[in-house]
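Asks: Hey, dropping protein.txt in here, compact mmCIF, C-alpha atoms:
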# COMPACT_ATOMS: atom_id res chain seq x y z
CA MET A 1 164.73 68.99 149.20
CA LYS A 2 166.33 66.83 151.87
CA TYR A 3 163.08 66.89 153.79
CA ILE A 4 161.06 65.81 150.76
CA LEU A 5 163.42 62.87 150.21
CA VAL A 6 163.19 61.73 153.80
CA PHE A 7 159.42 62.25 153.74
CA ILE A 8 159.09 59.98 150.70
CA PHE A 9 161.25 57.45 152.51
CA PHE A 10 159.02 57.51 155.58
CA PHE A 11 155.87 57.42 153.46
CA ILE A 12 156.96 54.36 151.49
CA ASN A 13 157.90 52.74 154.78
CA PHE A 14 154.50 53.43 156.29
CA VAL A 15 152.59 52.04 153.33
CA PHE A 16 154.86 49.00 153.30
CA GLN A 17 154.54 48.50 157.04
CA THR A 18 150.75 48.45 157.01
CA THR A 19 150.39 46.22 153.95
CA LEU A 20 153.12 43.88 152.73
CA LEU A 21 154.98 43.57 156.01
CA GLN A 22 152.11 41.46 157.34
CA TYR A 23 153.36 38.59 155.17
CA PHE A 24 156.66 38.62 157.08
CA SER A 25 155.19 38.31 160.54
CA ILE A 26 156.74 35.91 163.05
CA PHE A 27 154.19 34.43 165.52
CA GLY A 28 151.82 37.10 164.28
CA VAL A 29 154.20 39.88 165.28
CA VAL A 30 155.52 42.46 162.83
CA PRO A 31 158.45 44.82 163.42
CA ASN A 32 157.74 48.50 163.91
CA THR A 33 159.75 49.87 161.00
CA THR A 34 158.64 53.46 161.61
CA LEU A 35 160.26 53.32 165.03
CA ILE A 36 163.43 51.82 163.57
CA LEU A 37 163.66 54.59 160.96
CA ILE A 38 163.09 57.31 163.56
CA VAL A 39 165.83 55.90 165.77
CA LEU A 40 168.33 55.48 162.92
CA PHE A 41 167.61 58.85 161.30
CA SER A 42 167.92 60.58 164.67
CA PHE A 43 171.10 58.68 165.43
CA PHE A 44 172.97 59.13 162.16
CA CYS A 45 171.39 62.19 160.59
CA SER A 46 169.44 64.96 162.24
CA GLU A 47 166.99 64.36 165.08
CA LYS A 48 164.69 66.84 163.31
CA TYR A 49 163.56 64.10 160.93
CA GLY A 50 162.54 62.12 163.97
CA TYR A 51 160.55 65.04 165.35
CA TYR A 52 158.70 65.98 162.18
CA PHE A 53 158.00 62.60 160.65
CA GLY A 54 157.55 60.90 164.01
CA VAL A 55 154.68 63.23 164.84
CA ALA A 56 153.24 63.13 161.30
CA PHE A 57 153.23 59.35 160.88
CA GLY A 58 152.37 58.74 164.52
CA PHE A 59 149.24 60.76 163.86
CA ILE A 60 148.30 58.81 160.73
CA GLN A 61 148.89 55.55 162.59
CA ASP A 62 146.62 56.69 165.41
CA ILE A 63 143.87 57.88 163.06
CA LEU A 64 143.82 54.60 161.18
CA PHE A 65 144.32 52.13 164.01
CA GLY A 66 144.58 53.76 167.39
CA ASN A 67 142.09 54.04 170.20
CA ILE A 68 143.26 57.45 171.33
CA ILE A 69 144.72 59.84 168.79
CA GLY A 70 148.18 61.14 169.64
CA ILE A 71 149.78 58.37 171.69
CA SER A 72 152.10 57.13 168.94
CA ALA A 73 152.89 60.71 167.93
CA VAL A 74 154.05 61.53 171.47
CA MET A 75 156.02 58.31 171.76
CA TYR A 76 157.80 58.81 168.42
CA LEU A 77 158.59 62.45 169.26
CA THR A 78 160.06 61.59 172.65
CA THR A 79 161.95 58.65 171.12
CA ALA A 80 163.71 61.03 168.74
CA LEU A 81 164.38 63.38 171.65
CA ILE A 82 165.96 60.65 173.79
CA VAL A 83 168.08 59.36 170.91
CA HIS A 84 169.28 62.92 170.28
CA GLU A 85 170.19 63.37 173.95
CA ILE A 86 172.13 60.12 174.32
CA LYS A 87 173.80 59.88 170.92
CA GLU A 88 176.82 61.90 172.03
CA TYR A 89 177.69 59.17 174.52
CA ILE A 90 177.30 56.27 172.12
CA PHE A 91 180.06 55.07 169.86
CA LYS A 92 178.82 54.98 166.28
CA ASP A 93 181.41 52.56 164.90
CA THR A 94 180.41 49.40 166.68
CA LEU A 95 177.52 47.10 165.86
CA LEU A 96 176.64 47.03 169.55
CA SER A 97 175.28 50.57 169.43
CA PRO A 98 172.26 49.91 167.17
CA VAL A 99 171.52 46.75 169.17
CA LEU A 100 171.52 48.57 172.50
CA LEU A 101 169.72 51.60 171.13
CA MET A 102 166.99 49.57 169.46
CA ILE A 103 166.34 47.36 172.49
CA LEU A 104 166.17 50.42 174.72
CA MET A 105 163.91 52.45 172.45
CA SER A 106 161.55 49.55 171.63
CA PHE A 107 161.00 48.92 175.32
CA TYR A 108 160.58 52.63 175.90
CA TYR A 109 157.97 52.88 173.13
CA HIS A 110 155.88 50.02 174.48
CA MET A 111 156.16 51.01 178.12
CA GLY A 112 155.17 54.58 177.27
CA TYR A 113 152.29 53.41 175.10
CA TRP A 114 151.10 51.15 177.88
CA LEU A 115 151.37 53.87 180.51
CA ILE A 116 149.39 56.44 178.49
CA SER A 117 146.77 53.83 177.58
CA ARG A 118 146.41 53.00 181.27
CA LEU A 119 146.00 56.69 182.11
CA PHE A 120 143.10 56.84 179.65
CA GLY A 121 141.49 53.85 181.24
CA LEU A 122 142.34 50.98 178.88
CA ASP A 123 142.63 47.84 180.95
CA ILE A 124 145.69 46.13 179.48
CA SER A 125 147.96 43.96 181.58
CA LEU A 126 151.65 44.66 181.13
CA ILE A 127 152.71 41.04 181.63
CA ASN A 128 150.26 39.98 178.99
CA ILE A 129 151.49 42.32 176.29
CA PHE A 130 155.07 41.31 177.07
CA LYS A 131 154.16 37.67 176.65
CA GLU A 132 152.13 38.30 173.54
CA PHE A 133 154.28 40.54 171.38
CA VAL A 134 156.69 42.96 173.05
CA LEU A 135 159.62 40.57 173.53
CA ILE A 136 159.35 39.14 170.01
CA GLU A 137 158.96 42.59 168.52
CA VAL A 138 162.03 43.92 170.33
CA LEU A 139 164.11 41.08 168.91
CA TYR A 140 162.66 41.53 165.43
CA ASN A 141 163.23 45.31 165.55
CA THR A 142 166.81 44.80 166.64
CA VAL A 143 167.59 42.39 163.82
CA ILE A 144 166.23 44.82 161.23
CA ALA A 145 167.99 47.77 162.86
CA VAL A 146 171.31 45.91 162.61
CA ILE A 147 170.73 45.25 158.91
CA LEU A 148 169.76 48.87 158.23
CA TYR A 149 172.60 50.14 160.44
CA LYS A 150 175.16 49.07 157.82
CA ILE A 151 173.37 51.07 155.12
CA PHE A 152 173.05 54.16 157.29
CA TYR A 153 176.63 53.85 158.52
CA ASN A 154 178.11 53.55 155.04
CA ASN A 155 176.03 56.30 153.49
CA PHE A 156 175.61 58.92 156.16
CA TYR A 157 178.50 58.44 158.55
CA THR A 158 181.71 57.23 156.91
CA GLN A 159 181.17 59.23 153.73
CA ARG A 160 179.91 62.27 155.63
CA ARG A 161 177.06 62.55 153.19
CA TYR A 162 174.68 64.37 155.47
CA ILE A 163 171.11 64.51 154.40
CA MET B 1 163.95 86.58 177.92
CA TRP B 2 167.48 85.23 177.44
CA TRP B 3 166.40 81.99 179.01
CA ILE B 4 163.58 81.56 176.52
CA ARG B 5 165.88 82.40 173.62
CA ARG B 6 168.49 79.91 174.75
CA ASN B 7 166.00 77.09 175.25
CA LYS B 8 163.84 77.83 172.23
CA LYS B 9 164.07 74.32 170.85
CA GLY B 10 163.20 72.66 174.13
CA LEU B 11 160.25 74.97 174.59
CA ILE B 12 158.89 74.15 171.12
CA ILE B 13 159.12 70.43 171.90
CA ILE B 14 157.37 70.89 175.23
CA ALA B 15 154.67 72.95 173.49
CA VAL B 16 154.15 70.21 170.88
CA ILE B 17 153.90 67.57 173.59
CA ILE B 18 151.31 69.66 175.45
CA ILE B 19 149.31 70.08 172.22
CA LEU B 20 149.45 66.33 171.65
CA VAL B 21 148.22 65.66 175.17
CA ILE B 22 145.29 68.02 174.52
CA VAL B 23 144.57 66.18 171.24
CA MET B 24 144.64 62.86 173.13
CA THR B 25 142.20 64.12 175.72
CA LEU B 26 139.90 65.52 173.03
CA SER B 27 139.94 62.26 171.08
CA TYR B 28 139.27 60.38 174.30
CA LEU B 29 136.24 62.53 175.05
CA ASN B 30 134.94 62.75 171.51
CA LYS B 31 135.12 59.50 169.60
CA ASP B 32 134.17 60.93 166.18
CA ILE B 33 136.84 61.70 163.65
CA ASN B 34 136.75 64.97 161.75
CA LYS B 35 137.12 65.83 158.08
CA ILE B 36 140.87 66.48 158.12
CA GLU B 37 141.52 63.07 159.63
CA GLY B 38 139.30 61.45 157.03
CA LYS B 39 141.26 63.14 154.23
CA ALA B 40 144.62 62.15 155.74
CA GLY B 41 143.47 58.54 155.86
CA SER B 42 142.30 58.72 152.23
CA VAL B 43 145.70 59.88 150.99
CA VAL B 44 147.41 56.93 152.66
CA THR B 45 144.70 54.55 151.47
CA PHE B 46 145.28 55.62 147.87
CA PHE B 47 148.78 54.15 148.05
CA GLN B 48 147.89 51.13 150.17
CA VAL B 49 145.26 49.67 147.83
CA PRO B 50 147.60 48.72 144.93
CA LEU B 51 150.20 47.34 147.35
CA VAL B 52 147.65 45.11 149.01
CA LYS B 53 146.75 43.75 145.59
CA VAL B 54 150.42 42.95 144.98
CA GLY B 55 150.63 41.28 148.39
CA ASN B 56 147.54 39.17 147.77
CA ALA B 57 148.78 38.14 144.35
CA LEU B 58 152.13 37.11 145.84
CA ASN B 59 150.46 35.23 148.62
CA GLU B 60 148.09 33.40 146.34
CA ASN B 61 150.48 32.61 143.50
CA VAL B 62 153.95 32.32 144.95
CA PHE B 63 153.74 31.48 148.65
CA SER B 64 150.98 28.93 148.13
CA ILE B 65 153.37 26.74 146.11
CA PHE B 66 155.29 26.05 149.30
CA ARG B 67 152.16 25.06 151.14
CA PHE B 68 150.83 22.44 148.73
CA LYS B 69 150.83 19.66 151.34
CA GLN B 70 148.75 21.77 153.67
CA LEU B 71 146.46 22.67 150.79
CA ILE B 72 145.83 19.01 149.96
CA GLN B 73 144.85 18.37 153.58
CA GLU B 74 142.62 21.42 153.58
CA ASN B 75 141.04 20.28 150.36
CA GLN B 76 140.21 16.89 151.84
CA ALA B 77 138.74 18.39 154.98
CA LEU B 78 136.67 20.78 152.89
CA SER B 79 135.25 18.06 150.65
CA GLU B 80 134.20 16.09 153.71
CA GLU B 81 132.61 19.19 155.15
CA ASN B 82 130.95 19.87 151.80
CA ALA B 83 129.32 16.44 151.82
CA GLU B 84 127.97 17.08 155.30
CA LEU B 85 126.73 20.52 154.36
CA LYS B 86 124.91 19.18 151.31
CA GLN B 87 122.94 16.89 153.58
CA THR B 88 122.19 19.79 155.92
CA ILE B 89 120.89 21.85 153.00
CA ILE B 90 118.45 19.10 152.08
CA ASP B 91 117.21 18.98 155.67
CA MET B 92 116.90 22.75 155.75
CA LYS B 93 114.98 22.86 152.50
CA LEU B 94 112.41 20.59 154.10
CA ASP B 95 112.21 22.93 157.09
CA ARG B 96 111.96 25.88 154.76
CA ALA B 97 108.84 24.52 153.15
CA GLU B 98 107.27 24.39 156.56
CA THR B 99 108.31 27.95 157.42
CA GLU B 100 106.98 29.30 154.17
CA SER B 101 103.52 28.20 155.06
CA ILE B 102 103.84 30.09 158.34
CA GLU B 103 105.22 33.15 156.55
CA ARG B 104 102.13 33.24 154.37
CA LEU B 105 100.16 33.54 157.57
CA GLN B 106 102.39 36.50 158.57
CA ASP B 107 101.38 38.33 155.41
CA ALA B 108 97.77 37.73 156.27
CA ILE B 109 98.11 39.52 159.62
CA ASN B 110 100.38 42.35 158.22
CA TYR B 111 103.34 41.35 160.33
CA TYR B 112 106.41 43.35 159.28
CA ASP B 113 109.47 41.16 159.20
CA LEU B 114 112.77 42.93 159.88
CA GLU B 115 114.85 39.86 159.25
CA GLY B 116 116.19 39.42 155.78
CA ASN B 117 116.43 43.14 155.12
CA TYR B 118 120.18 43.17 155.26
CA ASP B 119 122.69 44.01 152.57
CA TYR B 120 126.03 42.29 152.48
CA ILE B 121 129.08 44.04 151.14
CA THR B 122 132.22 42.00 150.58
CA THR B 123 135.39 44.00 150.85
CA LYS B 124 139.12 43.68 151.22
CA ILE B 125 141.35 44.69 154.07
CA ILE B 126 143.78 47.35 152.95
CA ALA B 127 145.93 47.96 156.00
CA TYR B 128 146.78 46.32 159.29
CA ASP B 129 147.92 47.92 162.50
CA GLY B 130 151.70 47.92 162.22
CA SER B 131 152.35 48.33 165.93
CA ASN B 132 151.02 44.97 167.21
CA TRP B 133 149.01 46.73 169.89
CA PHE B 134 145.57 45.98 168.56
CA ASN B 135 144.07 43.67 165.98
CA LYS B 136 142.71 46.66 164.13
CA PHE B 137 142.57 47.13 160.40
CA THR B 138 141.11 49.37 157.72
CA ILE B 139 138.92 48.21 154.87
CA HIS B 140 138.27 49.62 151.43
CA ILE B 141 134.75 50.99 150.91
CA ARG B 142 132.95 52.96 148.24
CA LYS B 143 131.02 56.08 149.03
CA GLU B 144 127.83 54.79 147.41
CA ASP B 145 127.79 51.83 149.79
CA ASN B 146 126.58 54.16 152.55
CA ILE B 147 128.08 52.09 155.33
CA GLU B 148 127.18 53.32 158.77
CA ARG B 149 129.22 53.38 161.94
CA GLY B 150 128.56 50.39 164.12
CA SER B 151 127.74 47.99 161.28
CA ALA B 152 128.75 44.42 161.95
CA VAL B 153 131.81 43.03 160.17
CA ILE B 154 131.94 39.26 159.72
CA ASN B 155 133.85 36.65 157.78
CA GLY B 156 133.27 32.99 157.05
CA ASP B 157 134.10 31.97 160.63
CA GLY B 158 131.92 34.45 162.48
CA LEU B 159 131.84 37.90 164.01
CA VAL B 160 134.96 39.97 163.40
CA GLY B 161 134.02 43.36 164.79
CA ARG B 162 132.26 46.59 164.00
CA ILE B 163 132.93 49.70 161.93
CA LYS B 164 134.52 52.37 164.09
CA ASP B 165 135.34 55.31 161.83
CA ILE B 166 134.51 56.09 158.23
CA GLY B 167 136.70 58.13 155.90
CA ASP B 168 136.22 58.91 152.23
CA ASN B 169 137.15 55.52 150.83
CA TRP B 170 138.22 53.70 153.95
CA ALA B 171 136.68 52.55 157.17
CA SER B 172 138.44 51.36 160.28
CA VAL B 173 137.26 48.21 161.97
CA VAL B 174 137.63 47.49 165.66
CA THR B 175 137.70 43.76 166.34
CA VAL B 176 135.55 42.10 168.99
CA VAL B 177 138.54 41.20 171.12
CA ASP B 178 139.73 44.83 171.29
CA ASP B 179 136.35 46.38 171.69
CA SER B 180 135.13 47.76 174.97
CA HIS B 181 131.56 47.75 173.68
CA SER B 182 129.57 44.70 174.68
CA VAL B 183 128.00 42.23 172.32
CA SER B 184 124.78 40.60 173.38
CA PHE B 185 124.83 36.83 172.90
CA LYS B 186 122.75 33.75 173.41
CA VAL B 187 123.76 30.14 173.84
CA LEU B 188 122.97 28.12 170.74
CA ARG B 189 122.08 24.96 172.70
CA ASN B 190 119.44 26.71 174.77
CA GLN B 191 118.50 30.07 173.35
CA ASN B 192 116.91 31.30 176.57
CA PHE B 193 120.35 31.85 178.07
CA ILE B 194 121.40 35.35 177.10
CA GLY B 195 124.25 37.54 178.23
CA LEU B 196 126.87 40.11 177.31
CA VAL B 197 130.50 39.72 176.28
CA SER B 198 133.22 42.22 175.48
CA GLY B 199 136.92 42.02 174.64
CA ASN B 200 139.24 41.48 177.60
CA ASN B 201 142.34 42.83 175.79
CA GLN B 202 143.93 39.39 175.95
CA GLY B 203 142.67 37.98 172.68
CA LYS B 204 139.56 36.50 174.28
CA LEU B 205 136.05 37.63 175.15
CA GLU B 206 134.80 37.94 178.66
CA GLY B 207 131.27 38.49 179.86
CA TYR B 208 128.44 37.29 182.00
CA LEU B 209 125.09 35.59 181.73
CA ILE B 210 122.03 37.50 182.82
CA ASP B 211 120.62 34.44 184.54
CA PRO B 212 123.15 33.19 187.13
CA GLU B 213 121.38 29.84 187.31
CA ALA B 214 121.77 29.15 183.58
CA ASP B 215 123.63 25.89 183.10
CA VAL B 216 126.14 26.68 180.40
CA LEU B 217 128.88 24.20 179.72
CA ILE B 218 132.42 24.49 178.47
CA GLY B 219 132.33 24.09 174.70
CA ASP B 220 128.90 25.65 174.19
CA GLU B 221 128.54 27.67 170.99
CA ILE B 222 127.41 31.25 171.38
CA VAL B 223 125.84 33.47 168.71
CA THR B 224 124.67 37.08 168.62
CA SER B 225 121.19 37.46 170.08
CA GLY B 226 119.95 40.30 167.88
CA LEU B 227 119.26 42.51 170.89
CA GLY B 228 122.09 44.96 170.23
CA LEU B 229 123.65 46.48 167.15
CA PHE B 230 124.17 43.22 165.34
CA LYS B 231 121.67 40.98 163.64
CA GLU B 232 120.72 37.67 165.14
CA GLY B 233 122.63 34.49 164.65
CA ILE B 234 126.21 35.51 163.85
CA ALA B 235 128.59 32.96 165.34
CA ILE B 236 130.87 34.43 168.00
CA GLY B 237 132.81 31.59 169.58
CA THR B 238 132.84 28.75 172.05
CA ILE B 239 132.76 29.02 175.82
CA GLU B 240 136.14 28.16 177.25
CA GLU B 241 135.69 28.79 180.95
CA VAL B 242 132.74 29.27 183.28
CA ILE B 243 133.39 31.05 186.57
CA LYS B 244 130.66 31.20 189.17
CA ASP B 245 131.11 34.25 191.34
CA GLU B 246 129.08 33.85 194.54
CA ASN B 247 129.52 37.45 195.61
CA HIS B 248 128.22 39.08 192.47
CA LEU B 249 125.47 36.57 191.73
CA LEU B 250 126.76 36.40 188.20
CA LYS B 251 128.11 33.69 186.02
CA THR B 252 131.21 34.90 184.20
CA VAL B 253 132.17 33.21 180.95
CA ILE B 254 135.36 33.40 178.93
CA VAL B 255 134.84 32.85 175.23
CA GLU B 256 137.33 31.81 172.58
CA PRO B 257 136.36 33.55 169.32
CA HIS B 258 136.08 31.50 166.12
CA VAL B 259 137.82 34.09 163.97
CA ASN B 260 141.58 34.04 163.66
CA PHE B 261 142.31 37.75 163.78
CA LYS B 262 145.89 37.33 162.63
CA SER B 263 145.02 35.95 159.21
CA LEU B 264 142.16 37.93 157.76
CA ASP B 265 142.06 39.18 154.20
CA ARG B 266 138.44 39.46 153.10
CA VAL B 267 135.54 40.51 155.27
CA ILE B 268 131.82 41.11 154.85
CA VAL B 269 130.07 44.20 156.14
CA ILE B 270 126.44 43.73 157.10
CA LYS B 271 124.51 46.83 156.18
CA LYS B 272 121.12 47.46 157.62
CA GLY B 273 118.51 47.68 154.89
CA ILE B 274 115.54 49.97 154.73
Here is the file; what I need is its structure written in the form of structure tokens.
Replies:
Amino acid sequence: MKYILVFIFFFINFVFQTTLLQYFSIFGVVPNTTLILIVLFSFFCSEKYGYYFGVAFGFIQDILFGNIIGISAVMYLTTALIVHEIKEYIFKDTLLSPVLLMILMSFYYHMGYWLISRLFGLDISLINIFKEFVLIEVLYNTVIAVILYKIFYNNFYTQRRYI
Amino acid sequence: MWWIRRNKKGLIIIAVIIILVIVMTLSYLNKDINKIEGKAGSVVTFFQVPLVKVGNALNENVFSIFRFKQLIQENQALSEENAELKQTIIDMKLDRAETESIERLQDAINYYDLEGNYDYITTKIIAYDGSNWFNKFTIHIRKEDNIERGSAVINGDGLVGRIKDIGDNWASVVTVVDDSHSVSFKVLRNQNFIGLVSGNNQGKLEGYLIDPEADVLIGDEIVTSGLGLFKEGIAIGTIEEVIKDENHLLKTVIVEPHVNFKSLDRVIVIKKGI
């Protein structure tokens, strides 16, 4: 039951991200809300949501838009893994933690994506993608993560309502 | 055995990552998508279509109120352009009369004309790449349209891209600036100058002219030449930079595409006729 709820949550997010979110783009850059959800769910709830839905929605994202199928799936899976490994050392009560976590994981996602793309022979310059969207997206992701952090914190942490 | 039992979770994750790496390699080697992927895309598409309608309605009805000044300016520019175009149509109609007489001669010698046998299908974009990495998107299609892979996708400004994969009711489009496939072009000013361009992953097109002595200038319009997948005469962009490379005996050009890939909502698919 918990899994179905979280699945619906991720599904609505994915549909929203690929359609309506385009109207909220800043300099043509949209936040990666799937990544934000994976980080927050892994941080406050169970990292298993990150594993399952990261792989599932990473796959759908790659089928619909990607050049090589599986890159996003791997990056989302390892993101959940890293968040799970470091969450013991991060204080959950301060607003600094989602900021740090989101900046770190957004950079990790893009660097990893770039590295795998390079391995498969896509000629993309790192400086160029940083200039074009990575820096703006990291900021945008962080802002949204901070907003969502409050909701996650109140519902899943202080009230101990584990889903 | 105890080691495996203790690290069961880690092993599963490593196994999944290895499977994903295999999937990546397979998809790199084989560009076709299979049935399961097509179905997965269809399920998502089913939910995206109504939301896109909501988004378009919002954009057209609500957000446009805040842009009325810009709309007035646009309106003025368009009416001026309209006046110019009307004059062009008159000129073209005169030309047309001349061509028709030549076409009648074509019939006389049984010349089969491939031009004009194209179907145009107007469609809406249903989803955009949410990860900012590419300017890719998916469009809504019907099964009876029989769209093929590789068909050209255009909009009012010019060439947008080509159809990459086809699902049940969706098709993914790879834009020219992301595409590694080359597009054959010719310079509009002097149509003997032909060459090839492909996306350079930096939002521009990069390519070379077949004749290194061709005198192309910055600002020259380029259009598709009709030698490749696409039909002749689709606007691509303007030449922004010409680099003469003495070592390679080639003239490299950098082209700024006409299409603004960040603000697309309707596109036209050009389907090859019979």
Asks: Can you tell me which residues surround B:Ile218 at a distance of at most 6 Å, considering all atoms listed in the file, apart from same-chain residues fewer than 6 positions away, and format the answer as a ChimeraX atom specification?
Replies: /B:239-241
Asks: Using all atoms listed in the file, can you tell me which of A:Met102, A:Gly121, A:Thr34, A:Ile69 comes closest to A:Gly54?
Replies: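 Of the candidates, the smallest distance to A:Gly54 is held by A:Thr34.
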Asks: If we count only C-alpha atoms, what is near A:Thr142 at a cut-off of 12 Å, once residues fewer than 2 positions away on the same chain are taken out, given as a PyMOL selection string?
Replies: chain A and resi 31-33+35-37+39-40+95-107+135-140+144-149
Asks: Need the axis-aligned box for stretch 42-57 of chain B with 5 Å each side, so what are the centre and edges in Å to one decimal, as JSON?
Replies:
{"center_x": 146.5, "center_y": 49.0, "center_z": 148.5, "size_x": 18.3, "size_y": 31.7, "size_z": 18.3}
Asks: Using all atoms listed in the file, which of A:Cys45, A:Ile116, A:Val15, A:Val83 sits nearest chain B?
Replies: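 Counting all atoms listed in the file, the residue closest to chain B is A:Val15.
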Asks: For chain B, which residues have at least one atom within 9 Å of chain A, if we go by only C-alpha atoms? Write them as a PyMOL selection string, please.
Replies: chain B and resi 13+16-17+20-28+31+33+37-38+40-41+44-45+47-49+51-52+54-56+59+126-138+165+171-174+180+200-202+262-263
Asks: Give me the residues near B:Ser42 as an MDAnalysis selection string, where near means some atom within 8 Å (using all atoms listed in the file) and where sequence neighbours in that chain fewer than 5 positions away do not count.
Replies: chainID B and resid 167:170
Asks: How would the residues just chosen look if you wrote them out with C-alpha atoms as a short mmCIF file (atom, residue, chain, number, x, y, z; two decimals), in the frame of the given file?
Replies:
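Everything below was put into result.cif:
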data_model
loop_
_atom_site.label_atom_id
_atom_site.label_comp_id
_atom_site.auth_asym_id
_atom_site.auth_seq_id
_atom_site.Cartn_x
_atom_site.Cartn_y
_atom_site.Cartn_z
CA GLY B 167 136.70 58.13 155.90
CA ASP B 168 136.22 58.91 152.23
CA ASN B 169 137.15 55.52 150.83
CA TRP B 170 138.22 53.70 153.95
#
Asks: Rounded to one decimal in Å, what is the spacing between atom CA of B:Ile254 and atom CA of B:Asn190?
Replies: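 These atoms are spaced 17.8 Å apart.
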Asks: Pick the closest to A:Glu85 from A:Leu126, A:Ser117, A:Tyr52, A:Ser42: which is it, counting all atoms listed in the file?
Replies: A:Ser42
Asks: What does the distance from atom CA of B:Lys8 to atom CA of A:Lys2 come to in Å, to one decimal?
Replies: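 Spanning atom CA of B:Lys8 to atom CA of A:Lys2 is a straight-line distance of 23.3 Å.
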Asks: What is the atom CA of A:His84 to atom CA of A:Leu119 distance in Å?
Replies: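 Taking atom CA of A:His84 as the start and atom CA of A:Leu119 as the end point, the length is 26.8 Å.
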Asks: Within 9 Å of B:Gly207, counting all atoms listed in the file, which residues qualify if same-chain residues fewer than 2 places away don't, as a list in words?
Replies: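 Surrounding residues, per the criterion: Ser182, Gly195, Leu196, Val197, Ser198, Gly199, Asn200, Leu205, Leu209, Lys251, Thr252, Val253, Ile254 and Val255 of chain B.
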Asks: Counting all atoms listed in the file, which residue out of A:Phe156, A:Glu47, A:Asn141, A:Gly112 sits closest to A:Ile26?
Replies: A:Asn141
Asks: For B:Tyr120, which residue out of B:Ala152, B:Leu105, B:Ala83, B:Met92 is the nearest one, using all atoms listed in the file?
Replies: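 Comparing B:Ala152, B:Leu105, B:Ala83, B:Met92 against B:Tyr120, the winner is B:Ala152.
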Asks: I'd like to know which of A:Phe43, A:Gly58, A:Met111, A:Ile151 is closest to A:Ile86, using all atoms listed in the file.
Replies: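 Ranking A:Phe43, A:Gly58, A:Met111, A:Ile151 by distance to A:Ile86, first place goes to A:Phe43.
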